[in-house]
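Peer 1: File name run22.pdb; file contents PDB, C-alpha atoms, pLDDT in the B column; full text below.
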```pdb
ATOM      1  CA  MET A1477       5.481   9.084 -17.622  1.00 71.00           C
ATOM      2  CA  ASP A1478       7.915   6.283 -18.422  1.00 78.00           C
ATOM      3  CA  LEU A1479       8.660   3.544 -15.909  1.00 80.00           C
ATOM      4  CA  THR A1480      12.127   4.735 -14.786  1.00 89.00           C
ATOM      5  CA  LEU A1481      13.548   3.254 -11.580  1.00 91.00           C
ATOM      6  CA  PRO A1482      12.342   6.078  -9.260  1.00 91.00           C
ATOM      7  CA  VAL A1483       8.859   5.888 -10.836  1.00 92.00           C
ATOM      8  CA  ILE A1484       8.804   2.094 -10.421  1.00 94.00           C
ATOM      9  CA  LEU A1485       9.807   2.359  -6.756  1.00 95.00           C
ATOM     10  CA  GLY A1486       7.272   5.129  -6.058  1.00 96.00           C
ATOM     11  CA  THR A1487       4.512   3.215  -7.836  1.00 96.00           C
ATOM     12  CA  ALA A1488       5.267   0.001  -5.923  1.00 97.00           C
ATOM     13  CA  LEU A1489       5.200   1.971  -2.660  1.00 97.00           C
ATOM     14  CA  PHE A1490       1.845   3.453  -3.652  1.00 97.00           C
ATOM     15  CA  GLY A1491       0.739  -0.144  -4.358  1.00 97.00           C
ATOM     16  CA  VAL A1492       1.489  -1.078  -0.734  1.00 98.00           C
ATOM     17  CA  GLY A1493      -0.983   1.616   0.363  1.00 97.00           C
ATOM     18  CA  VAL A1494      -3.555   0.363  -2.163  1.00 97.00           C
ATOM     19  CA  GLY A1495      -3.282  -3.193  -0.821  1.00 97.00           C
ATOM     20  CA  LEU A1496      -3.626  -1.961   2.763  1.00 97.00           C
ATOM     21  CA  LEU A1497      -6.749   0.103   1.981  1.00 97.00           C
ATOM     22  CA  SER A1498      -8.239  -2.736  -0.083  1.00 97.00           C
ATOM     23  CA  ALA A1499      -8.001  -5.392   2.630  1.00 97.00           C
ATOM     24  CA  LEU A1500      -8.846  -2.971   5.454  1.00 97.00           C
ATOM     25  CA  PHE A1501     -12.077  -1.731   3.842  1.00 97.00           C
ATOM     26  CA  GLY A1502     -13.098  -4.573   1.494  1.00 96.00           C
ATOM     27  CA  ILE A1503     -12.806  -2.388  -1.600  1.00 95.00           C
ATOM     28  CA  GLY A1504     -10.910  -2.848  -4.866  1.00 91.00           C
ATOM     29  CA  GLY A1505      -8.868   0.324  -4.577  1.00 91.00           C
ATOM     30  CA  GLY A1506      -9.731   1.730  -8.016  1.00 87.00           C
ATOM     31  CA  ILE A1507     -10.848   4.962  -6.356  1.00 85.00           C
ATOM     32  CA  VAL A1508      -7.198   5.735  -5.484  1.00 89.00           C
ATOM     33  CA  MET A1509      -5.416   3.896  -8.323  1.00 91.00           C
ATOM     34  CA  VAL A1510      -7.256   5.498 -11.254  1.00 86.00           C
ATOM     35  CA  PRO A1511      -6.561   9.141 -10.210  1.00 85.00           C
ATOM     36  CA  PHE A1512      -2.949   8.185  -9.407  1.00 91.00           C
ATOM     37  CA  MET A1513      -2.388   6.719 -12.882  1.00 92.00           C
ATOM     38  CA  VAL A1514      -4.198   9.532 -14.705  1.00 86.00           C
ATOM     39  CA  LEU A1515      -2.830  12.523 -12.772  1.00 86.00           C
ATOM     40  CA  LEU A1516       0.705  11.373 -11.878  1.00 92.00           C
ATOM     41  CA  LEU A1517       1.582   8.685 -14.439  1.00 93.00           C
ATOM     42  CA  GLU A1518      -0.259  10.439 -17.294  1.00 91.00           C
ATOM     43  CA  ARG A1519      -2.163   7.374 -18.517  1.00 89.00           C
ATOM     44  CA  SER A1520      -5.500   7.759 -20.346  1.00 86.00           C
ATOM     45  CA  PRO A1521      -8.590   7.271 -18.118  1.00 79.00           C
ATOM     46  CA  HIS A1522      -9.580   4.080 -19.960  1.00 79.00           C
ATOM     47  CA  LEU A1523      -6.091   2.570 -19.694  1.00 87.00           C
ATOM     48  CA  ALA A1524      -5.981   3.540 -16.007  1.00 88.00           C
ATOM     49  CA  GLU A1525      -9.361   1.914 -15.343  1.00 83.00           C
ATOM     50  CA  GLY A1526      -8.414  -1.315 -17.157  1.00 86.00           C
ATOM     51  CA  THR A1527      -5.019  -1.497 -15.411  1.00 92.00           C
ATOM     52  CA  SER A1528      -6.654  -0.774 -12.035  1.00 91.00           C
ATOM     53  CA  LEU A1529      -9.115  -3.660 -12.532  1.00 89.00           C
ATOM     54  CA  LEU A1530      -6.223  -5.973 -13.423  1.00 93.00           C
ATOM     55  CA  VAL A1531      -4.347  -5.021 -10.205  1.00 95.00           C
ATOM     56  CA  ILE A1532      -7.528  -5.543  -8.161  1.00 94.00           C
ATOM     57  CA  ILE A1533      -7.626  -9.304  -8.970  1.00 94.00           C
ATOM     58  CA  PRO A1534      -4.406 -10.415  -7.155  1.00 96.00           C
ATOM     59  CA  THR A1535      -4.814  -7.698  -4.488  1.00 97.00           C
ATOM     60  CA  ALA A1536      -8.320  -8.821  -3.518  1.00 96.00           C
ATOM     61  CA  ILE A1537      -7.309 -12.514  -3.637  1.00 97.00           C
ATOM     62  CA  ALA A1538      -4.445 -11.780  -1.191  1.00 97.00           C
ATOM     63  CA  GLY A1539      -6.870  -9.881   1.081  1.00 97.00           C
ATOM     64  CA  VAL A1540      -9.453 -12.682   0.967  1.00 97.00           C
ATOM     65  CA  ILE A1541      -6.801 -15.275   1.900  1.00 97.00           C
ATOM     66  CA  ALA A1542      -5.689 -13.191   4.885  1.00 97.00           C
ATOM     67  CA  HIS A1543      -9.296 -12.556   6.019  1.00 97.00           C
ATOM     68  CA  HIS A1544     -10.234 -16.209   5.529  1.00 97.00           C
ATOM     69  CA  LYS A1545      -7.456 -17.284   7.925  1.00 97.00           C
ATOM     70  CA  ARG A1546      -9.337 -15.336  10.614  1.00 96.00           C
ATOM     71  CA  GLY A1547     -12.728 -16.743   9.578  1.00 96.00           C
ATOM     72  CA  TYR A1548     -14.251 -13.492   8.321  1.00 97.00           C
ATOM     73  CA  VAL A1549     -15.129 -14.502   4.725  1.00 96.00           C
ATOM     74  CA  SER A1550     -18.583 -15.813   3.792  1.00 95.00           C
ATOM     75  CA  PHE A1551     -17.865 -17.466   0.433  1.00 95.00           C
ATOM     76  CA  SER A1552     -21.527 -18.303  -0.227  1.00 93.00           C
ATOM     77  CA  LEU A1553     -22.583 -14.652   0.210  1.00 93.00           C
ATOM     78  CA  GLY A1554     -19.540 -13.487  -1.778  1.00 94.00           C
ATOM     79  CA  ALA A1555     -20.406 -15.806  -4.685  1.00 94.00           C
ATOM     80  CA  LYS A1556     -24.031 -14.572  -4.755  1.00 93.00           C
ATOM     81  CA  LEU A1557     -22.894 -10.937  -4.652  1.00 92.00           C
ATOM     82  CA  GLY A1558     -20.282 -11.592  -7.319  1.00 92.00           C
ATOM     83  CA  ALA A1559     -22.772 -13.374  -9.594  1.00 92.00           C
ATOM     84  CA  GLY A1560     -25.103 -10.367  -9.544  1.00 93.00           C
ATOM     85  CA  GLY A1561     -22.098  -8.048  -9.722  1.00 91.00           C
ATOM     86  CA  VAL A1562     -20.598  -9.550 -12.874  1.00 90.00           C
ATOM     87  CA  VAL A1563     -23.903  -9.231 -14.771  1.00 89.00           C
ATOM     88  CA  GLY A1564     -24.413  -5.718 -13.390  1.00 87.00           C
ATOM     89  CA  ALA A1565     -20.883  -4.603 -14.299  1.00 80.00           C
ATOM     90  CA  VAL A1566     -21.304  -5.576 -17.953  1.00 76.00           C
ATOM     91  CA  LEU A1567     -24.726  -3.894 -18.140  1.00 80.00           C
ATOM     92  CA  GLY A1568     -23.425  -0.816 -16.310  1.00 74.00           C
ATOM     93  CA  ALA A1569     -20.562  -0.374 -18.771  1.00 65.00           C
ATOM     94  CA  ARG A1570     -23.070  -0.410 -21.655  1.00 66.00           C
ATOM     95  CA  LEU A1571     -25.447   1.967 -19.851  1.00 72.00           C
ATOM     96  CA  ALA A1572     -22.580   4.378 -19.231  1.00 63.00           C
ATOM     97  CA  LEU A1573     -22.428   5.121 -22.942  1.00 58.00           C
ATOM     98  CA  SER A1574     -26.087   6.139 -23.168  1.00 61.00           C
ATOM     99  CA  LEU A1575     -26.825   8.058 -19.953  1.00 61.00           C
ATOM    100  CA  ALA A1576     -25.912  11.448 -18.541  1.00 59.00           C
ATOM    101  CA  GLU A1577     -23.024  10.781 -16.178  1.00 56.00           C
ATOM    102  CA  ASP A1578     -23.523  13.876 -13.994  1.00 65.00           C
ATOM    103  CA  THR A1579     -27.021  12.823 -12.923  1.00 66.00           C
ATOM    104  CA  LEU A1580     -25.862   9.320 -12.005  1.00 64.00           C
ATOM    105  CA  GLU A1581     -22.893  10.606 -10.050  1.00 70.00           C
ATOM    106  CA  THR A1582     -25.166  12.867  -7.999  1.00 76.00           C
ATOM    107  CA  TYR A1583     -27.486   9.958  -7.062  1.00 73.00           C
ATOM    108  CA  PHE A1584     -24.500   7.732  -6.285  1.00 73.00           C
ATOM    109  CA  ALA A1585     -22.935  10.416  -4.066  1.00 81.00           C
ATOM    110  CA  LEU A1586     -26.278  10.814  -2.270  1.00 81.00           C
ATOM    111  CA  PHE A1587     -26.420   7.040  -1.630  1.00 80.00           C
ATOM    112  CA  LEU A1588     -22.881   7.141  -0.196  1.00 84.00           C
ATOM    113  CA  VAL A1589     -23.653  10.093   2.089  1.00 89.00           C
ATOM    114  CA  VAL A1590     -26.855   8.519   3.497  1.00 86.00           C
ATOM    115  CA  MET A1591     -25.295   5.067   4.009  1.00 87.00           C
ATOM    116  CA  GLY A1592     -22.026   6.543   5.295  1.00 91.00           C
ATOM    117  CA  ILE A1593     -23.838   8.584   7.960  1.00 92.00           C
ATOM    118  CA  ARG A1594     -25.918   5.536   8.992  1.00 90.00           C
ATOM    119  CA  ILE A1595     -22.765   3.435   9.443  1.00 92.00           C
ATOM    120  CA  ILE A1596     -20.996   6.222  11.374  1.00 94.00           C
ATOM    121  CA  VAL A1597     -24.024   6.565  13.697  1.00 92.00           C
ATOM    122  CA  GLU A1598     -23.975   2.793  14.372  1.00 91.00           C
ATOM    123  CA  GLY A1599     -20.235   2.941  15.017  1.00 92.00           C
ATOM    124  CA  VAL A1600     -20.514   5.878  17.415  1.00 92.00           C
ATOM    125  CA  LYS A1601     -23.295   4.074  19.341  1.00 91.00           C
ATOM    126  CA  MET A1602     -21.057   1.007  19.649  1.00 90.00           C
ATOM    127  CA  VAL A1603     -18.090   3.020  20.870  1.00 90.00           C
ATOM    128  CA  ARG A1604     -20.292   4.820  23.421  1.00 89.00           C
ATOM    129  CA  SER A1605     -21.833   1.606  24.767  1.00 84.00           C
ATOM    130  CA  ASP A1606     -18.283   0.310  25.174  1.00 65.00           C
ATOM    131  CA  ASP A1607     -19.095  -2.590  22.866  1.00 53.00           C
ATOM    132  CA  GLN A1608     -15.520  -3.012  21.702  1.00 52.00           C
ATOM    133  CA  ALA A1609     -15.738  -6.706  20.791  1.00 53.00           C
ATOM    134  CA  ILE A1610     -14.122  -7.557  17.473  1.00 55.00           C
ATOM    135  CA  GLY A1611     -16.866  -8.649  15.059  1.00 56.00           C
ATOM    136  CA  ALA A1612     -16.282 -12.367  15.161  1.00 51.00           C
ATOM    137  CA  PRO A1613     -18.159 -14.649  12.785  1.00 54.00           C
ATOM    138  CA  ASP A1614     -21.328 -16.359  14.016  1.00 47.00           C
TER
ATOM    139  CA  MET B1121     -28.726 -23.204  -3.264  1.00 48.00           C
ATOM    140  CA  ALA B1122     -32.225 -22.302  -2.140  1.00 53.00           C
ATOM    141  CA  LEU B1123     -33.706 -19.366  -3.994  1.00 65.00           C
ATOM    142  CA  ASP B1124     -35.143 -17.730  -0.895  1.00 78.00           C
ATOM    143  CA  ARG B1125     -35.773 -14.041  -0.315  1.00 79.00           C
ATOM    144  CA  SER B1126     -32.377 -13.326   1.230  1.00 81.00           C
ATOM    145  CA  THR B1127     -30.559 -14.964  -1.712  1.00 86.00           C
ATOM    146  CA  ILE B1128     -32.509 -12.807  -4.162  1.00 88.00           C
ATOM    147  CA  ALA B1129     -31.760  -9.698  -2.058  1.00 86.00           C
ATOM    148  CA  ILE B1130     -28.012 -10.466  -2.056  1.00 88.00           C
ATOM    149  CA  VAL B1131     -27.806 -11.227  -5.800  1.00 90.00           C
ATOM    150  CA  ALA B1132     -29.761  -8.006  -6.430  1.00 89.00           C
ATOM    151  CA  SER B1133     -27.345  -6.109  -4.152  1.00 87.00           C
ATOM    152  CA  GLY B1134     -24.420  -7.459  -6.160  1.00 90.00           C
ATOM    153  CA  PHE B1135     -26.172  -6.461  -9.365  1.00 90.00           C
ATOM    154  CA  VAL B1136     -26.618  -2.872  -8.123  1.00 87.00           C
ATOM    155  CA  ALA B1137     -22.950  -2.733  -7.048  1.00 87.00           C
ATOM    156  CA  GLY B1138     -21.917  -4.130 -10.441  1.00 86.00           C
ATOM    157  CA  VAL B1139     -23.981  -1.594 -12.401  1.00 82.00           C
ATOM    158  CA  MET B1140     -22.470   1.227 -10.318  1.00 80.00           C
ATOM    159  CA  SER B1141     -18.910  -0.006 -10.840  1.00 78.00           C
ATOM    160  CA  GLY B1142     -19.467  -0.520 -14.573  1.00 70.00           C
ATOM    161  CA  LEU B1143     -21.087   2.886 -14.930  1.00 71.00           C
ATOM    162  CA  LEU B1144     -18.745   4.982 -12.854  1.00 69.00           C
ATOM    163  CA  GLY B1145     -15.554   2.947 -12.597  1.00 61.00           C
ATOM    164  CA  VAL B1146     -15.844   2.853  -8.807  1.00 64.00           C
ATOM    165  CA  GLY B1147     -18.346   1.507  -6.349  1.00 62.00           C
ATOM    166  CA  GLY B1148     -17.833  -2.215  -5.997  1.00 83.00           C
ATOM    167  CA  GLY B1149     -16.807  -2.289  -2.359  1.00 89.00           C
ATOM    168  CA  VAL B1150     -18.276   0.993  -1.154  1.00 89.00           C
ATOM    169  CA  VAL B1151     -21.709  -0.212  -2.349  1.00 88.00           C
ATOM    170  CA  MET B1152     -21.437  -3.875  -1.271  1.00 92.00           C
ATOM    171  CA  VAL B1153     -20.202  -3.295   2.292  1.00 94.00           C
ATOM    172  CA  PRO B1154     -23.224  -1.206   3.439  1.00 92.00           C
ATOM    173  CA  LEU B1155     -25.585  -3.650   1.677  1.00 90.00           C
ATOM    174  CA  LEU B1156     -23.942  -6.604   3.466  1.00 92.00           C
ATOM    175  CA  VAL B1157     -24.268  -4.733   6.777  1.00 93.00           C
ATOM    176  CA  PHE B1158     -27.872  -3.572   6.349  1.00 91.00           C
ATOM    177  CA  VAL B1159     -29.354  -6.301   4.077  1.00 89.00           C
ATOM    178  CA  ALA B1160     -27.391  -9.421   5.086  1.00 89.00           C
ATOM    179  CA  ARG B1161     -26.857  -8.201   8.724  1.00 91.00           C
ATOM    180  CA  GLN B1162     -23.158  -9.119   8.639  1.00 94.00           C
ATOM    181  CA  THR B1163     -20.759  -7.588  11.153  1.00 96.00           C
ATOM    182  CA  GLN B1164     -18.581  -4.780   9.747  1.00 97.00           C
ATOM    183  CA  HIS B1165     -15.578  -7.139   9.731  1.00 97.00           C
ATOM    184  CA  GLN B1166     -17.448  -9.913   7.877  1.00 97.00           C
ATOM    185  CA  ALA B1167     -18.852  -7.391   5.377  1.00 97.00           C
ATOM    186  CA  HIS B1168     -15.378  -6.069   4.444  1.00 97.00           C
ATOM    187  CA  ALA B1169     -14.015  -9.620   3.978  1.00 97.00           C
ATOM    188  CA  THR B1170     -17.029 -10.879   2.008  1.00 96.00           C
ATOM    189  CA  SER B1171     -17.126  -7.768  -0.188  1.00 96.00           C
ATOM    190  CA  LEU B1172     -13.494  -8.425  -1.128  1.00 96.00           C
ATOM    191  CA  ALA B1173     -14.385 -11.963  -2.300  1.00 95.00           C
ATOM    192  CA  ALA B1174     -17.031 -10.502  -4.647  1.00 94.00           C
ATOM    193  CA  VAL B1175     -14.554  -7.808  -5.762  1.00 92.00           C
ATOM    194  CA  VAL B1176     -12.283 -10.587  -7.120  1.00 92.00           C
ATOM    195  CA  LEU B1177     -15.063 -11.771  -9.479  1.00 90.00           C
ATOM    196  CA  MET B1178     -16.122  -8.261 -10.538  1.00 88.00           C
ATOM    197  CA  GLY B1179     -12.508  -7.177 -11.067  1.00 87.00           C
ATOM    198  CA  ALA B1180     -11.893 -10.205 -13.303  1.00 88.00           C
ATOM    199  CA  ALA B1181     -15.009  -9.473 -15.401  1.00 85.00           C
ATOM    200  CA  GLY B1182     -14.071  -5.803 -15.690  1.00 83.00           C
ATOM    201  CA  ALA B1183     -10.398  -6.451 -16.476  1.00 86.00           C
ATOM    202  CA  ALA B1184     -11.371  -8.928 -19.220  1.00 86.00           C
ATOM    203  CA  THR B1185     -13.647  -6.294 -20.789  1.00 80.00           C
ATOM    204  CA  PHE B1186     -10.906  -3.649 -20.823  1.00 82.00           C
ATOM    205  CA  ALA B1187      -8.209  -6.138 -21.917  1.00 87.00           C
ATOM    206  CA  ALA B1188     -10.336  -7.074 -24.942  1.00 86.00           C
ATOM    207  CA  GLU B1189     -10.087  -3.410 -25.990  1.00 82.00           C
ATOM    208  CA  GLY B1190      -6.333  -3.376 -25.321  1.00 88.00           C
ATOM    209  CA  GLU B1191      -6.848  -0.938 -22.433  1.00 86.00           C
ATOM    210  CA  VAL B1192      -4.488  -2.522 -19.882  1.00 91.00           C
ATOM    211  CA  ASP B1193      -0.844  -1.708 -19.061  1.00 95.00           C
ATOM    212  CA  VAL B1194       0.445  -5.087 -17.838  1.00 96.00           C
ATOM    213  CA  GLY B1195       3.885  -3.767 -16.822  1.00 95.00           C
ATOM    214  CA  LEU B1196       2.393  -1.009 -14.701  1.00 96.00           C
ATOM    215  CA  ALA B1197      -0.105  -3.490 -13.207  1.00 96.00           C
ATOM    216  CA  LEU B1198       2.772  -5.790 -12.165  1.00 97.00           C
ATOM    217  CA  VAL B1199       4.566  -2.923 -10.366  1.00 97.00           C
ATOM    218  CA  LEU B1200       1.383  -1.874  -8.514  1.00 97.00           C
ATOM    219  CA  ALA B1201       0.537  -5.507  -7.649  1.00 97.00           C
ATOM    220  CA  ALA B1202       4.076  -6.081  -6.299  1.00 97.00           C
ATOM    221  CA  GLY B1203       3.289  -3.406  -3.706  1.00 98.00           C
ATOM    222  CA  SER B1204      -0.343  -4.274  -3.112  1.00 97.00           C
ATOM    223  CA  LEU B1205       0.466  -7.932  -2.385  1.00 98.00           C
ATOM    224  CA  VAL B1206       2.645  -6.657   0.492  1.00 98.00           C
ATOM    225  CA  GLY B1207      -0.017  -4.199   1.682  1.00 98.00           C
ATOM    226  CA  ALA B1208      -3.031  -6.543   1.611  1.00 98.00           C
ATOM    227  CA  PRO B1209      -1.979  -8.808   4.522  1.00 97.00           C
ATOM    228  CA  MET B1210      -1.101  -5.637   6.491  1.00 98.00           C
ATOM    229  CA  GLY B1211      -4.578  -4.227   5.861  1.00 98.00           C
ATOM    230  CA  ALA B1212      -6.212  -7.520   6.854  1.00 98.00           C
ATOM    231  CA  ARG B1213      -4.254  -7.590  10.120  1.00 98.00           C
ATOM    232  CA  LEU B1214      -5.145  -3.951  10.835  1.00 98.00           C
ATOM    233  CA  MET B1215      -8.849  -4.717  10.258  1.00 97.00           C
ATOM    234  CA  ALA B1216      -8.771  -7.730  12.580  1.00 97.00           C
ATOM    235  CA  ARG B1217      -7.203  -5.578  15.312  1.00 97.00           C
ATOM    236  CA  THR B1218      -9.748  -2.783  14.972  1.00 97.00           C
ATOM    237  CA  ALA B1219     -12.903  -2.912  17.094  1.00 96.00           C
ATOM    238  CA  GLU B1220     -16.317  -2.888  15.398  1.00 95.00           C
ATOM    239  CA  GLY B1221     -17.288   0.693  16.361  1.00 95.00           C
ATOM    240  CA  PRO B1222     -14.141   2.463  15.123  1.00 96.00           C
ATOM    241  CA  LEU B1223     -14.142   0.281  11.970  1.00 97.00           C
ATOM    242  CA  LYS B1224     -17.710   1.410  11.182  1.00 97.00           C
ATOM    243  CA  ILE B1225     -16.757   5.065  11.719  1.00 96.00           C
ATOM    244  CA  ALA B1226     -13.664   4.730   9.502  1.00 97.00           C
ATOM    245  CA  PHE B1227     -15.670   3.064   6.717  1.00 96.00           C
ATOM    246  CA  GLY B1228     -18.424   5.690   6.962  1.00 95.00           C
ATOM    247  CA  VAL B1229     -15.814   8.451   6.630  1.00 95.00           C
ATOM    248  CA  LEU B1230     -14.365   6.642   3.577  1.00 94.00           C
ATOM    249  CA  MET B1231     -17.857   6.634   1.995  1.00 92.00           C
ATOM    250  CA  LEU B1232     -18.220  10.384   2.580  1.00 92.00           C
ATOM    251  CA  VAL B1233     -14.758  11.013   1.083  1.00 90.00           C
ATOM    252  CA  VAL B1234     -15.639   8.960  -2.012  1.00 86.00           C
ATOM    253  CA  ALA B1235     -18.945  10.880  -2.309  1.00 86.00           C
ATOM    254  CA  GLY B1236     -17.014  14.138  -2.086  1.00 84.00           C
ATOM    255  CA  LEU B1237     -14.554  13.022  -4.768  1.00 79.00           C
ATOM    256  CA  MET B1238     -17.406  12.010  -7.094  1.00 75.00           C
ATOM    257  CA  VAL B1239     -19.090  15.402  -6.860  1.00 75.00           C
ATOM    258  CA  TRP B1240     -15.855  17.367  -6.955  1.00 72.00           C
ATOM    259  CA  ILE B1241     -14.034  15.631  -9.846  1.00 64.00           C
TER
END
```
Write the structure described by the file as structure tokens, please.
Peer 2:
Amino acid sequence: MDLTLPVILGTALFGVGVGLLSALFGIGGGIVMVPFMVLLLERSPHLAEGTSLLVIIPTAIAGVIAHHKRGYVSFSLGAKLGAGGVVGAVLGARLALSLAEDTLETYFALFLVVMGIRIIVEGVKMVRSDDQAIGAPD
Amino acid sequence: MALDRSTIAIVASGFVAGVMSGLLGVGGGVVMVPLLVFVARQTQHQAHATSLAAVVLMGAAGAATFAAEGEVDVGLALVLAAGSLVGAPMGARLMARTAEGPLKIAFGVLMLVVAGLMVWI
């Protein structure tokens, strides 16, 4: 789909939602951007993934700045995570070409379900014990 | 930087998140946040903010890889970023105003939704 004015406005509006989700949850937002670009804007999956990663850079920087103002960011932990992450991302992209994707997706989904339920259980316990304090830094 | 056990655990966590994101095109944040909560014992709020800092580095590495293959649409990226730069401070404010318990529940639900999408698509 070509970037006509209505498409540009709709895409920018969608971008507002992406930025909100990204900063709220600490994620890049590729999970919503890639399907949006493939299904609605008719871009190829590879082009959508590359474009999504490009958008993630300024979006995440803006989120980090806003979080840092409130003292939530641990830059030392973030740098360690990112160092491992950059090496892992390059290796993962190479692995993707040689492994069965379905098997990996099943294990990944299983990880998300187990961790997701653990986090929900912790959250429900906190709500029940009326521990409503905002998680301030140490 | 001392190379103690917790440092190794965090770098390894980042590595796992990176492999997942490289392999599947998703997974940076949804993997790092639970690892920061359960491995680094950060609060949910700190984990979201710290994950985002690592996402900047991983996004840059990934974008460079795709750009080298010519697989980026810069015009489209500018339009999306114009919106996302407005949304990001809104999301940060919303997070700061949300209590720890509800934030954990919301993030857990997000993880289940992502898991569902992975299996379904």
Peer 1: When you count only C-alpha atoms, which of these residues is closest to Lys1224 in chain B: B:Val1153, B:Ala1212, B:Met1178, B:Ala1137?
Peer 2: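 For Lys1224 in chain B, the nearest of the given residues is B:Val1153.
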Peer 1: As a check of understanding, name the residues that the PyMOL selection byres ((chain B and resi 1136) around 10) selects in the supplied structure, as an MDAnalysis selection string.
Peer 2: (chainID A and resid 1557 1560:1561 1563:1565 1568) or (chainID B and resid 1130:1135 1137:1142 1147:1148 1151:1152 1155)
Peer 1: Restricting the calculation to all atoms listed in the file, which member of A:Ser1520, A:Ser1605, A:Ala1542, A:Gly1486 is positioned closest to chain B?
Peer 2: A:Ala1542
Peer 1: Report the distance between CA of Met1231 in chain B and CA of Val1597 in chain A in Å, rounded to one decimal place.
Peer 2: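 Computing the Euclidean distance for CA of Met1231 in chain B and CA of Val1597 in chain A yields 13.2 Å.
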Peer 1: Write out as a list in words the residues lying within 7 Å of His1168 in chain B, counting all atoms listed in the file and excluding same-chain residues fewer than 4 positions away.
Peer 2: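 In the requested form, the answer reads Phe1501 and Gly1502 of chain A; Val1153, Gln1164 and Leu1172 of chain B.
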Peer 1: Considering all atoms listed in the file, return as a count of residues only whatever protein or nucleic-acid residues lie within 12 Å of range 1188-1190 of chain B, sequence-local ones (same chain, fewer than 5 positions apart) excluded.
Peer 2: 9
Peer 1: Work out how far CA of Leu1529 in chain A is from CA of Leu1200 in chain B, in Å to one decimal.
Peer 2: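 About the pair CA of Leu1200 in chain B and CA of Leu1529 in chain A: they are 11.4 Å apart.
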Peer 1: Go ahead and compute the interatomic distance for CA of Gly1207 in chain B and CA of Leu1496 in chain A, in Å to one decimal.
Peer 2: 4.4 Å
Peer 1: Kindly resolve the PyMOL selection byres ((chain A and resi 1551) around 12) on the present coordinates and return the residues as a list of chain:residue names.
Peer 2: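 For this structure, the PyMOL selection byres ((chain A and resi 1551) around 12) resolves to A:Val1540, A:Ile1541, A:His1543, A:His1544, A:Gly1547, A:Tyr1548, A:Val1549, A:Ser1550, A:Ser1552, A:Leu1553, A:Gly1554, A:Ala1555, A:Lys1556, A:Leu1557, A:Gly1558, A:Ala1559, B:Gln1166, B:Ala1167, B:Ala1169, B:Thr1170, B:Ser1171, B:Leu1172, B:Ala1173, B:Ala1174, B:Val1175, B:Val1176, B:Leu1177.
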Peer 1: Keeping C-alpha atoms for every residue in the selection just given, could you write it to a file as a PDB file, in the coordinates of the input?
Peer 2:
```pdb
ATOM      1  CA  VAL A1540      -9.453 -12.682   0.967  1.00 97.00           C
ATOM      2  CA  ILE A1541      -6.801 -15.275   1.900  1.00 97.00           C
ATOM      3  CA  HIS A1543      -9.296 -12.556   6.019  1.00 97.00           C
ATOM      4  CA  HIS A1544     -10.234 -16.209   5.529  1.00 97.00           C
ATOM      5  CA  GLY A1547     -12.728 -16.743   9.578  1.00 96.00           C
ATOM      6  CA  TYR A1548     -14.251 -13.492   8.321  1.00 97.00           C
ATOM      7  CA  VAL A1549     -15.129 -14.502   4.725  1.00 96.00           C
ATOM      8  CA  SER A1550     -18.583 -15.813   3.792  1.00 95.00           C
ATOM      9  CA  SER A1552     -21.527 -18.303  -0.227  1.00 93.00           C
ATOM     10  CA  LEU A1553     -22.583 -14.652   0.210  1.00 93.00           C
ATOM     11  CA  GLY A1554     -19.540 -13.487  -1.778  1.00 94.00           C
ATOM     12  CA  ALA A1555     -20.406 -15.806  -4.685  1.00 94.00           C
ATOM     13  CA  LYS A1556     -24.031 -14.572  -4.755  1.00 93.00           C
ATOM     14  CA  LEU A1557     -22.894 -10.937  -4.652  1.00 92.00           C
ATOM     15  CA  GLY A1558     -20.282 -11.592  -7.319  1.00 92.00           C
ATOM     16  CA  ALA A1559     -22.772 -13.374  -9.594  1.00 92.00           C
TER      17      ALA A1559
ATOM     18  CA  GLN B1166     -17.448  -9.913   7.877  1.00 97.00           C
ATOM     19  CA  ALA B1167     -18.852  -7.391   5.377  1.00 97.00           C
ATOM     20  CA  ALA B1169     -14.015  -9.620   3.978  1.00 97.00           C
ATOM     21  CA  THR B1170     -17.029 -10.879   2.008  1.00 96.00           C
ATOM     22  CA  SER B1171     -17.126  -7.768  -0.188  1.00 96.00           C
ATOM     23  CA  LEU B1172     -13.494  -8.425  -1.128  1.00 96.00           C
ATOM     24  CA  ALA B1173     -14.385 -11.963  -2.300  1.00 95.00           C
ATOM     25  CA  ALA B1174     -17.031 -10.502  -4.647  1.00 94.00           C
ATOM     26  CA  VAL B1175     -14.554  -7.808  -5.762  1.00 92.00           C
ATOM     27  CA  VAL B1176     -12.283 -10.587  -7.120  1.00 92.00           C
ATOM     28  CA  LEU B1177     -15.063 -11.771  -9.479  1.00 90.00           C
TER      29      LEU B1177
END
```
Peer 1: Tell me which of A:Lys1545, A:Asp1478, A:Ala1536, A:Arg1604 sits closest to chain B, counting only C-alpha atoms.
Peer 2: A:Ala1536
